[in-house]
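K.L.:
As input, take entry.txt (compact mmCIF, C-alpha atoms and all ligand atoms):
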```txt
# COMPACT_ATOMS: atom_id res chain seq x y z
CA MET A 214 25.14 1.49 -8.50
CA VAL A 215 27.60 4.12 -9.72
CA ILE A 216 29.86 6.02 -7.34
CA VAL A 217 31.53 9.26 -8.38
CA VAL A 218 34.96 9.52 -6.72
CA ARG A 219 36.08 12.93 -5.40
CA HIS A 220 38.90 14.66 -7.35
CA SER A 221 40.75 15.09 -4.11
CA ALA A 222 40.32 11.49 -2.96
CA ARG A 223 43.51 9.88 -1.74
CA ARG A 224 44.48 6.44 -2.96
CA GLU A 225 43.94 4.97 0.52
CA ASP A 226 40.44 6.50 0.76
CA VAL A 227 39.48 4.79 -2.52
CA ALA A 228 41.01 1.54 -1.25
CA ALA A 229 38.99 1.75 1.99
CA LEU A 230 35.79 2.30 0.00
CA THR A 231 36.55 -0.56 -2.39
CA ALA A 232 37.33 -2.90 0.53
CA PHE A 233 34.02 -1.99 2.18
CA LEU A 234 32.06 -2.61 -1.01
CA THR A 235 33.68 -5.93 -1.87
CA ALA A 236 33.11 -7.10 1.72
CA GLN A 237 29.38 -6.52 1.06
CA GLY A 238 29.53 -9.06 -1.76
CA VAL A 239 29.40 -6.70 -4.74
CA SER A 240 32.05 -6.24 -7.40
CA VAL A 241 33.68 -2.89 -8.07
CA THR A 242 35.13 -1.78 -11.40
CA PRO A 243 36.89 1.60 -11.64
CA VAL A 244 36.05 3.62 -14.76
CA PRO A 245 38.64 6.42 -15.06
CA GLY A 246 37.32 9.48 -16.86
CA GLU A 247 38.92 12.73 -17.98
CA ARG A 248 37.75 14.72 -14.99
CA SER A 249 36.77 12.13 -12.44
CA THR A 250 36.76 8.42 -11.77
CA LEU A 251 33.58 6.39 -11.47
CA LEU A 252 33.19 3.10 -9.65
CA ALA A 253 30.70 0.73 -11.27
CA VAL A 254 29.22 -1.41 -8.50
CA VAL A 255 27.41 -4.55 -9.66
CA GLY A 256 25.80 -7.50 -7.90
CA ASP A 257 23.07 -7.53 -5.26
CA THR A 258 23.24 -3.90 -4.20
CA SER A 259 19.95 -4.08 -2.24
CA ARG A 260 21.83 -4.61 1.03
CA LEU A 261 24.04 -1.58 0.45
CA ASP A 262 23.02 1.42 2.52
CA ASP A 263 23.45 4.45 0.24
CA ASP A 264 24.00 6.76 3.20
CA ARG A 265 26.83 4.61 4.53
CA VAL A 266 28.47 4.57 1.10
CA ALA A 267 28.06 8.34 0.80
CA GLY A 268 29.81 8.75 4.16
CA PHE A 269 33.17 7.49 2.82
CA ALA A 270 35.77 10.21 2.33
CA ALA A 271 36.36 9.21 -1.32
CA VAL A 272 32.73 9.60 -2.33
CA GLU A 273 31.44 12.61 -4.25
CA ALA A 274 28.04 11.13 -5.18
CA VAL A 275 26.13 7.85 -5.22
CA ARG A 276 23.66 6.99 -7.99
CA ARG A 277 21.44 3.94 -8.05
CA ILE A 278 20.72 2.44 -11.46
CA THR A 279 18.21 -0.12 -10.19
CA GLU A 280 15.93 0.22 -7.18
CA PRO A 281 16.88 -1.90 -4.18
CA LEU A 282 13.74 -4.00 -4.56
CA PRO A 283 14.80 -7.61 -5.13
CA LEU A 284 11.33 -8.98 -4.33
CA ALA A 285 8.84 -6.19 -5.04
CA GLY A 286 10.61 -5.04 -8.23
CA ARG A 287 9.93 -6.26 -11.73
CA GLY A 288 13.52 -7.50 -12.06
CA ALA A 289 13.00 -10.84 -10.35
CA HIS A 290 9.32 -11.11 -11.23
CA PRO A 291 8.44 -9.54 -14.59
CA ALA A 292 4.82 -10.79 -14.78
CA ASP A 293 2.00 -9.20 -12.76
CA SER A 294 1.23 -11.08 -9.55
CA VAL A 295 -2.21 -12.29 -8.60
CA VAL A 296 -3.05 -12.23 -4.88
CA GLU A 297 -5.92 -14.53 -3.90
CA VAL A 298 -8.11 -13.13 -1.11
CA GLY A 299 -10.52 -15.72 0.24
CA GLY A 300 -10.87 -17.15 -3.26
CA VAL A 301 -11.11 -13.74 -4.99
CA PRO A 302 -8.16 -13.10 -7.33
CA VAL A 303 -6.70 -9.57 -7.36
CA GLY A 304 -4.19 -8.34 -9.96
CA ALA A 305 -3.06 -9.26 -13.48
CA GLY A 306 -6.39 -8.27 -14.99
CA HIS A 307 -8.49 -9.46 -12.05
CA PHE A 308 -10.27 -6.39 -10.68
CA ALA A 309 -11.61 -6.38 -7.11
CA LEU A 310 -14.33 -4.14 -5.75
CA ILE A 311 -13.95 -3.74 -1.99
CA ALA A 312 -16.69 -1.90 -0.09
CA GLY A 313 -17.98 -1.37 3.41
CA PRO A 314 -18.18 1.12 6.24
CA CYS A 315 -15.18 2.94 7.62
CA SER A 316 -15.92 1.45 11.05
CA VAL A 317 -17.95 -1.55 12.06
CA GLU A 318 -20.56 0.02 14.37
CA SER A 319 -23.28 -2.57 15.07
CA ARG A 320 -24.98 -5.68 13.70
CA GLU A 321 -27.86 -3.48 12.51
CA GLN A 322 -25.42 -1.33 10.55
CA LEU A 323 -23.22 -4.06 9.09
CA LEU A 324 -25.35 -7.06 8.16
CA PRO A 325 -27.98 -5.45 5.89
CA LEU A 326 -25.26 -3.25 4.38
CA ALA A 327 -23.07 -6.27 3.57
CA ALA A 328 -26.01 -7.97 1.84
CA SER A 329 -26.75 -4.91 -0.29
CA LEU A 330 -23.07 -4.45 -1.19
CA ARG A 331 -22.86 -8.03 -2.31
CA ALA A 332 -26.01 -7.66 -4.40
CA ALA A 333 -24.49 -4.55 -6.03
CA GLY A 334 -21.30 -6.39 -7.03
CA ALA A 335 -18.82 -5.93 -4.15
CA GLN A 336 -16.41 -8.87 -3.94
CA LEU A 337 -14.81 -8.12 -0.57
CA LEU A 338 -16.28 -6.53 2.56
CA ARG A 339 -14.25 -3.91 4.42
CA GLY A 340 -14.84 -2.51 7.90
CA GLY A 341 -12.59 -1.23 10.66
CA ALA A 342 -12.71 -2.90 14.07
CA TYR A 343 -9.61 -1.06 15.33
CA LYS A 344 -9.55 2.55 14.19
CA PRO A 345 -6.39 4.67 14.18
CA ARG A 346 -8.01 8.05 14.89
CA THR A 347 -6.23 11.38 14.88
CA SER A 348 -7.83 12.29 18.21
CA PRO A 349 -7.70 9.86 21.14
CA TYR A 350 -11.18 11.09 22.12
CA HIS A 351 -12.86 9.92 18.90
CA PHE A 352 -14.44 6.49 18.31
CA GLN A 353 -11.66 3.89 18.38
CA GLY A 354 -13.64 0.95 16.94
CA LEU A 355 -15.50 -1.98 18.52
CA GLY A 356 -12.36 -4.13 18.67
CA GLU A 357 -13.03 -7.87 19.04
CA GLU A 358 -16.77 -7.32 18.84
CA GLY A 359 -16.22 -5.64 15.47
CA LEU A 360 -14.18 -8.60 14.23
CA ALA A 361 -16.97 -10.97 15.33
CA LEU A 362 -19.53 -8.91 13.40
CA LEU A 363 -17.34 -9.04 10.29
CA ARG A 364 -17.17 -12.83 10.59
CA GLU A 365 -20.93 -12.92 10.94
CA ALA A 366 -21.34 -10.77 7.83
CA ARG A 367 -18.93 -13.05 5.94
CA ALA A 368 -20.92 -16.12 6.97
CA ALA A 369 -24.17 -14.47 5.86
CA THR A 370 -22.94 -13.13 2.50
CA GLY A 371 -19.92 -15.23 1.54
CA LEU A 372 -17.86 -12.03 1.13
CA PRO A 373 -14.25 -12.33 2.34
CA ILE A 374 -13.37 -9.65 4.92
CA VAL A 375 -10.79 -6.85 4.97
CA THR A 376 -9.95 -5.11 8.24
CA GLU A 377 -7.13 -3.03 9.69
CA ILE A 378 -4.54 -4.16 12.21
CA VAL A 379 -2.92 -1.41 14.28
CA ASP A 380 -0.64 -3.41 16.58
CA PRO A 381 1.35 -6.64 16.03
CA ARG A 382 -0.04 -7.93 19.36
CA GLN A 383 -3.46 -8.19 17.66
CA LEU A 384 -2.24 -10.81 15.17
CA PRO A 385 -3.79 -13.82 16.96
CA LEU A 386 -7.18 -12.11 16.62
CA PHE A 387 -6.66 -11.70 12.87
CA GLU A 388 -5.96 -15.36 12.07
CA ASP A 389 -9.11 -15.85 10.00
CA VAL A 390 -9.22 -12.37 8.44
CA ASP A 391 -9.01 -12.73 4.65
CA LEU A 392 -7.07 -9.52 3.94
CA ILE A 393 -5.24 -7.66 6.71
CA GLN A 394 -5.07 -3.92 6.11
CA VAL A 395 -2.07 -1.86 7.16
CA GLY A 396 -3.37 1.68 7.35
CA ALA A 397 -1.63 4.74 5.99
CA ARG A 398 -0.38 5.71 9.43
CA ASN A 399 1.31 2.36 9.91
CA MET A 400 2.95 2.01 6.50
CA GLN A 401 6.36 2.40 8.11
CA ASN A 402 5.61 0.52 11.32
CA PHE A 403 8.47 -1.82 10.49
CA GLU A 404 7.94 -4.18 13.42
CA LEU A 405 4.32 -4.67 12.31
CA LEU A 406 5.47 -5.24 8.70
CA LYS A 407 8.03 -7.83 9.85
CA GLU A 408 5.35 -9.73 11.78
CA LEU A 409 3.08 -9.69 8.72
CA GLY A 410 5.97 -11.13 6.73
CA ARG A 411 5.95 -14.19 8.97
CA ILE A 412 2.35 -15.20 8.17
CA ASP A 413 0.73 -16.00 4.85
CA THR A 414 -2.48 -13.98 5.07
CA PRO A 415 -2.70 -11.43 2.26
CA VAL A 416 -1.85 -7.85 3.30
CA LEU A 417 -3.32 -4.61 1.95
CA LEU A 418 -0.59 -2.02 2.39
CA LYS A 419 -1.82 1.57 2.20
CA ARG A 420 0.49 4.39 1.18
CA GLY A 421 1.32 6.84 3.97
CA PRO A 422 0.01 10.35 3.23
CA SER A 423 3.56 11.71 3.03
CA ALA A 424 5.31 8.59 1.73
CA THR A 425 7.10 8.44 -1.59
CA LEU A 426 6.40 5.53 -3.90
CA LYS A 427 9.89 4.25 -3.21
CA GLU A 428 9.13 4.23 0.53
CA LEU A 429 5.87 2.36 -0.16
CA LEU A 430 7.73 -0.25 -2.21
CA LEU A 431 10.40 -0.63 0.47
CA ALA A 432 7.64 -1.11 3.06
CA ALA A 433 6.21 -3.88 0.85
CA GLU A 434 9.73 -5.32 0.62
CA TYR A 435 9.69 -5.73 4.43
CA ILE A 436 6.66 -8.05 4.18
CA LEU A 437 7.93 -9.91 1.12
CA SER A 438 11.40 -10.46 2.57
CA GLY A 439 9.83 -12.09 5.63
CA GLY A 440 8.34 -14.74 3.35
CA ASN A 441 4.80 -13.42 2.77
CA GLY A 442 4.46 -12.77 -0.96
CA ARG A 443 0.79 -11.77 -0.79
CA VAL A 444 0.89 -8.00 -0.78
CA ILE A 445 -1.56 -5.60 -2.45
CA LEU A 446 -0.62 -1.91 -2.58
CA CYS A 447 -3.17 0.87 -2.11
CA GLU A 448 -2.99 4.53 -3.14
CA ARG A 449 -5.25 6.59 -0.84
CA GLY A 450 -4.16 10.18 -1.39
CA VAL A 451 -1.20 12.22 -0.23
CA ARG A 452 -0.89 15.51 1.61
CA SER A 453 -1.05 18.55 -0.61
CA PHE A 454 -1.04 22.33 -0.35
CA ASP A 455 -4.67 22.34 -1.46
CA THR A 456 -7.38 21.69 1.12
CA ALA A 457 -10.20 21.40 -1.43
CA THR A 458 -10.09 17.65 -0.94
CA ARG A 459 -9.03 15.75 2.19
CA TYR A 460 -5.91 14.42 0.45
CA LEU A 461 -4.70 14.59 -3.14
CA LEU A 462 -5.41 11.36 -5.02
CA ASP A 463 -2.15 10.52 -6.78
CA LEU A 464 -3.26 8.54 -9.80
CA SER A 465 0.19 8.71 -11.31
CA ALA A 466 1.05 6.27 -8.51
CA VAL A 467 -0.95 3.60 -10.34
CA ALA A 468 1.07 4.01 -13.54
CA VAL A 469 4.41 4.33 -11.78
CA LEU A 470 3.81 1.40 -9.41
CA HIS A 471 2.68 -0.84 -12.26
CA GLU A 472 5.93 -0.05 -14.02
CA ARG A 473 8.11 -0.73 -10.98
CA THR A 474 6.37 -3.64 -9.29
CA HIS A 475 4.48 -6.82 -10.11
CA LEU A 476 2.26 -6.40 -7.02
CA PRO A 477 -1.42 -5.50 -7.53
CA VAL A 478 -2.25 -1.82 -7.04
CA ILE A 479 -5.68 -0.70 -5.88
CA VAL A 480 -7.05 2.78 -5.18
CA ASP A 481 -9.07 4.14 -2.24
CA PRO A 482 -10.77 7.31 -3.52
CA SER A 483 -12.89 7.72 -0.35
CA HIS A 484 -10.06 8.78 1.98
CA ALA A 485 -8.50 10.90 -0.76
CA ALA A 486 -11.70 12.80 -1.54
CA GLY A 487 -13.05 13.19 1.99
CA ALA A 488 -16.43 13.98 0.41
CA ALA A 489 -18.79 11.41 -1.09
CA ARG A 490 -19.72 13.59 -4.07
CA TYR A 491 -16.18 13.36 -5.51
CA VAL A 492 -15.86 9.60 -5.07
CA PRO A 493 -17.59 8.45 -8.31
CA SER A 494 -15.40 10.50 -10.65
CA LEU A 495 -12.19 9.60 -8.79
CA SER A 496 -13.21 5.93 -8.87
CA LEU A 497 -13.74 5.96 -12.63
CA ALA A 498 -10.45 7.80 -13.14
CA ALA A 499 -8.67 5.15 -11.07
CA VAL A 500 -10.20 2.37 -13.16
CA ALA A 501 -9.15 4.16 -16.34
CA ALA A 502 -5.62 4.52 -14.94
CA GLY A 503 -5.43 0.74 -14.62
CA ALA A 504 -6.09 0.12 -10.92
CA ASP A 505 -6.50 -3.56 -10.01
CA GLY A 506 -9.33 -2.72 -7.65
CA LEU A 507 -11.08 -0.03 -5.64
CA MET A 508 -11.81 0.27 -1.95
CA LEU A 509 -14.89 2.38 -1.24
CA GLU A 510 -16.50 3.45 2.02
CA VAL A 511 -20.26 2.94 2.12
CA HIS A 512 -22.66 3.59 5.02
CA PRO A 513 -26.44 3.14 5.29
CA ASP A 514 -26.74 6.49 7.11
CA PRO A 515 -23.59 8.58 6.51
CA ALA A 516 -24.76 11.43 8.76
CA ALA A 517 -24.86 9.01 11.71
CA ALA A 518 -21.52 7.32 10.94
CA LEU A 519 -19.05 7.15 13.86
CA SER A 520 -16.12 7.83 11.48
CA ASP A 521 -15.63 9.21 7.97
CA GLY A 522 -19.34 9.80 7.31
CA ALA A 523 -18.71 12.71 4.94
CA GLN A 524 -16.93 10.49 2.44
CA ALA A 525 -19.29 7.50 2.68
CA LEU A 526 -21.47 6.63 -0.29
CA LEU A 527 -25.07 5.55 0.25
CA PRO A 528 -25.66 1.92 -0.76
CA ALA A 529 -27.76 3.05 -3.74
CA ASP A 530 -24.98 5.36 -4.93
CA PHE A 531 -22.50 2.52 -4.58
CA ALA A 532 -24.76 0.29 -6.68
CA ALA A 533 -24.98 2.96 -9.40
CA LEU A 534 -21.19 3.45 -9.34
CA ALA A 535 -20.55 -0.30 -9.49
CA LYS A 536 -22.56 -0.40 -12.74
CA GLN A 537 -20.54 2.45 -14.22
CA ILE A 538 -17.29 0.75 -13.21
CA LYS A 539 -18.42 -2.43 -14.93
CA ALA A 540 -19.34 -0.54 -18.08
CA LEU A 541 -16.06 1.37 -18.10
CA ARG A 542 -14.02 -1.78 -17.64
CA ALA A 543 -15.90 -3.45 -20.47
CA ALA A 544 -15.30 -0.44 -22.73
CA LEU A 545 -11.58 -0.39 -21.89
CA THR A 546 -11.25 -4.10 -22.62
CA GLU A 547 -13.10 -3.75 -25.94
CA SER A 548 -10.98 -0.83 -27.04
CA GLY A 549 -7.91 -2.89 -26.18
CA ASP A 550 -8.96 -5.71 -28.57
C1 LIG B 601 -9.50 3.30 6.54
O1 LIG B 601 -9.34 2.55 5.55
O2 LIG B 601 -10.57 3.43 7.16
C2 LIG B 601 -8.36 4.16 6.94
C3 LIG B 601 -8.20 4.52 8.21
O3 LIG B 601 -7.60 4.53 5.89
P1 LIG B 601 -6.16 5.27 5.86
O4 LIG B 601 -5.25 4.40 6.65
O5 LIG B 601 -5.85 5.29 4.39
O6 LIG B 601 -6.36 6.63 6.44
MN MN B 602 -12.15 5.56 6.95
```
Output the file's structure as structure tokens, nothing else.
Ligand code: PEP
Ligand code: MN

P.N.:
Amino acid sequence: MVIVVRHSARREDVAALTAFLTAQGVSVTPVPGERSTLLAVVGDTSRLDDDRVAGFAAVEAVRRITEPLPLAGRGAHPADSVVEVGGVPVGAGHFALIAGPCSVESREQLLPLAASLRAAGAQLLRGGAYKPRTSPYHFQGLGEEGLALLREARAATGLPIVTEIVDPRQLPLFEDVDLIQVGARNMQNFELLKELGRIDTPVLLKRGPSATLKELLLAAEYILSGGNGRVILCERGVRSFDTATRYLLDLSAVAVLHERTHLPVIVDPSHAAGAARYVPSLSLAAVAAGADGLMLEVHPDPAAALSDGAQALLPADFAALAKQIKALRAALTESGD
């Protein structure tokens, strides 16, 4: 961290700042310049609160050189991480195809669908049992019954299951879930993140629609710093000025996150697009951008879906897309040889 000292700063203001910084366990070296003095702050600066530092009378500006990401950042962990989900590796070249309905609706909906997804190449089955809906009057999910149906589908197909938690009090119900999803709306539910840090189930952390990548990485840091190193990040579209799609799929997030973190990064084109017809091209673009996996919503009868029907692929369309994804990945690997 570099601190620019105000021209007008009094000696005692600089001393107070230096005392504060050294008490935080970092070392401070003044670098006098022609016009102003800089303080070079080195050590573990992740615990320093930039806003507190900026509040000192002597401070003109605060600049971070490294991100405060001791666990999520590449600094401590240069190699890509692999997160195992029910025996399926994700990250560091292991690509995971996650598919399933937005919401678990019934046995009749889920079980045949899970079998067809598996046959088409899905490696993990998704489905919401607890749904964070914008309106309190819309379908909120089947709750425990939905979780039981997911377990049944896992037993029938062998596919590990991915489902969203919306409240830390639900954790006992999620003990045998293979990958616990934190939805976009809960990305900064810090108490939930802390609880997920205390267990060792893998967590799929979705980017909030208005969250910066730094905020996403700091949210991941909450889980990692609690002791749970199994975090997969998910780009799912951000808010934009343009309403042509539901959200704007930020594929630059894949490149930027891969540079800054060792954690696997997957993409959810379904929620970004909001319309099934855009999902195949966004999926292929995400694969080309280097995503470690995709999460796709699929429904046997999208028009009858209780949530997110407009963006759900039909099983046959998913199967066709899965083939294209395989071919694209093979082509990318060949061209890399
Ligand atoms: C979902 O995966 O069904 C979901 C609610 O996604 P998001 O949190 O990204 O809106
Ligand atoms: Mn959905």

K.L.:
Identify, counting only C-alpha atoms and all ligand atoms, the protein, DNA and RNA residues located within 10 Å of ligand LIG 601 (chain B), and give them as a PyMOL selection string.

P.N.:
chain A and resi 313-316+339-347+375-377+379+394-400+418-422+447-451+460+480-485+508-510+520-521

K.L.:
May I ask for the distance between atom CA of Glu388 of chain A and atom CA of Glu404 of chain A, given in Å to one decimal place?

P.N.:
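Straight-line distance from atom CA of Glu388 of chain A to atom CA of Glu404 of chain A works out to 17.9 Å.
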
K.L.:
Go ahead and compute the interatomic distance for atom CA of Ala271 of chain A and atom CA of Val215 of chain A, in Å to one decimal.

P.N.:
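Between atom CA of Ala271 of chain A and atom CA of Val215 of chain A the gap is 13.2 Å.
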
K.L.:
For a quick check of your reading of the model, name the residues lying within 9 Å of the coordinate (39.7, 10.7, -7.8), counting only C-alpha atoms, and write them as a list in words.

P.N.:
Val217, Val218, Arg219, His220, Ser221, Ala222, Arg223, Arg224, Val227, Pro245, Arg248, Ser249, Thr250, Leu251, Ala271 and Val272 of chain A

K.L.:
Pick out the closest residue to Gly334 of chain A from this set: A:Thr370, A:Ser423, A:Thr235, A:Ser496. Count only C-alpha atoms.

P.N.:
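Answer, going by the shortest atom-to-atom distance: A:Thr370.
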
K.L.:
Can you find the residues with an atom no farther than 12 Å from (30.9, -8.9, -0.6), counting all atoms listed in the file, and report them as a list in words?

P.N.:
Thr231, Ala232, Phe233, Leu234, Thr235, Ala236, Gln237, Gly238, Val239, Ser240, Val241, Val254, Val255, Gly256, Asp257, Thr258, Arg260 and Leu261 of chain A

K.L.:
Quick check, in Å to one decimal: how far apart do atom CA of Ser329 of chain A and atom CA of Asp514 of chain A lie?

P.N.:
13.6 Å

K.L.:
Can you complete the atoms of segment 456-466 of chain A to all heavy atoms and list them as a compact mmCIF listing (two decimals), keeping the file's coordinate frame?

P.N.:
```
# COMPACT_ATOMS: atom_id res chain seq x y z
N THR A 456 -6.46 22.33 0.17
CA THR A 456 -7.38 21.69 1.12
C THR A 456 -8.77 21.45 0.52
O THR A 456 -9.71 21.12 1.23
CB THR A 456 -7.52 22.55 2.38
OG1 THR A 456 -7.88 23.87 1.97
CG2 THR A 456 -6.23 22.60 3.18
N ALA A 457 -8.89 21.61 -0.81
CA ALA A 457 -10.20 21.40 -1.43
C ALA A 457 -10.68 19.97 -1.28
O ALA A 457 -11.88 19.71 -1.21
CB ALA A 457 -10.14 21.79 -2.91
N THR A 458 -9.75 19.04 -1.25
CA THR A 458 -10.09 17.65 -0.94
C THR A 458 -9.28 17.25 0.29
O THR A 458 -8.31 17.93 0.65
CB THR A 458 -9.74 16.70 -2.11
OG1 THR A 458 -8.38 16.91 -2.49
CG2 THR A 458 -10.65 16.93 -3.31
N ARG A 459 -9.68 16.13 0.93
CA ARG A 459 -9.03 15.75 2.19
C ARG A 459 -7.54 15.44 1.96
O ARG A 459 -6.67 15.85 2.73
CB ARG A 459 -9.76 14.52 2.74
CG ARG A 459 -9.33 14.11 4.13
CD ARG A 459 -10.16 12.94 4.62
NE ARG A 459 -9.75 12.52 5.94
CZ ARG A 459 -10.15 11.40 6.54
NH1 ARG A 459 -11.01 10.59 5.91
NH2 ARG A 459 -9.73 11.08 7.73
N TYR A 460 -7.28 14.69 0.91
CA TYR A 460 -5.91 14.42 0.45
C TYR A 460 -5.93 14.57 -1.06
O TYR A 460 -7.00 14.74 -1.65
CB TYR A 460 -5.47 12.99 0.82
CG TYR A 460 -5.33 12.78 2.30
CD1 TYR A 460 -6.38 12.25 3.04
CD2 TYR A 460 -4.14 13.10 2.98
CE1 TYR A 460 -6.26 12.05 4.42
CE2 TYR A 460 -4.01 12.90 4.34
CZ TYR A 460 -5.08 12.38 5.06
OH TYR A 460 -4.94 12.18 6.41
N LEU A 461 -4.77 14.49 -1.68
CA LEU A 461 -4.70 14.59 -3.14
C LEU A 461 -4.52 13.19 -3.71
O LEU A 461 -3.50 12.54 -3.43
CB LEU A 461 -3.53 15.47 -3.54
CG LEU A 461 -3.34 15.65 -5.04
CD1 LEU A 461 -4.46 16.50 -5.63
CD2 LEU A 461 -1.99 16.30 -5.32
N LEU A 462 -5.51 12.71 -4.47
CA LEU A 462 -5.41 11.36 -5.02
C LEU A 462 -4.31 11.34 -6.08
O LEU A 462 -4.41 12.05 -7.09
CB LEU A 462 -6.74 10.90 -5.61
CG LEU A 462 -6.76 9.44 -6.07
CD1 LEU A 462 -6.54 8.49 -4.90
CD2 LEU A 462 -8.06 9.11 -6.77
N ASP A 463 -3.29 10.57 -5.86
CA ASP A 463 -2.15 10.52 -6.78
C ASP A 463 -2.35 9.35 -7.74
O ASP A 463 -1.91 8.24 -7.48
CB ASP A 463 -0.85 10.37 -5.98
CG ASP A 463 0.36 10.24 -6.89
OD1 ASP A 463 0.24 10.51 -8.10
OD2 ASP A 463 1.44 9.87 -6.38
N LEU A 464 -3.02 9.64 -8.86
CA LEU A 464 -3.26 8.54 -9.80
C LEU A 464 -2.03 8.18 -10.61
O LEU A 464 -1.96 7.10 -11.19
CB LEU A 464 -4.43 8.88 -10.73
CG LEU A 464 -5.80 8.74 -10.07
CD1 LEU A 464 -6.91 9.04 -11.05
CD2 LEU A 464 -5.99 7.34 -9.48
N SER A 465 -1.05 9.09 -10.62
CA SER A 465 0.19 8.71 -11.31
C SER A 465 0.84 7.54 -10.56
O SER A 465 1.61 6.77 -11.14
CB SER A 465 1.14 9.89 -11.45
OG SER A 465 1.33 10.51 -10.22
N ALA A 466 0.50 7.39 -9.28
CA ALA A 466 1.05 6.27 -8.51
C ALA A 466 0.68 4.93 -9.16
O ALA A 466 1.48 3.99 -9.15
CB ALA A 466 0.50 6.30 -7.07
```
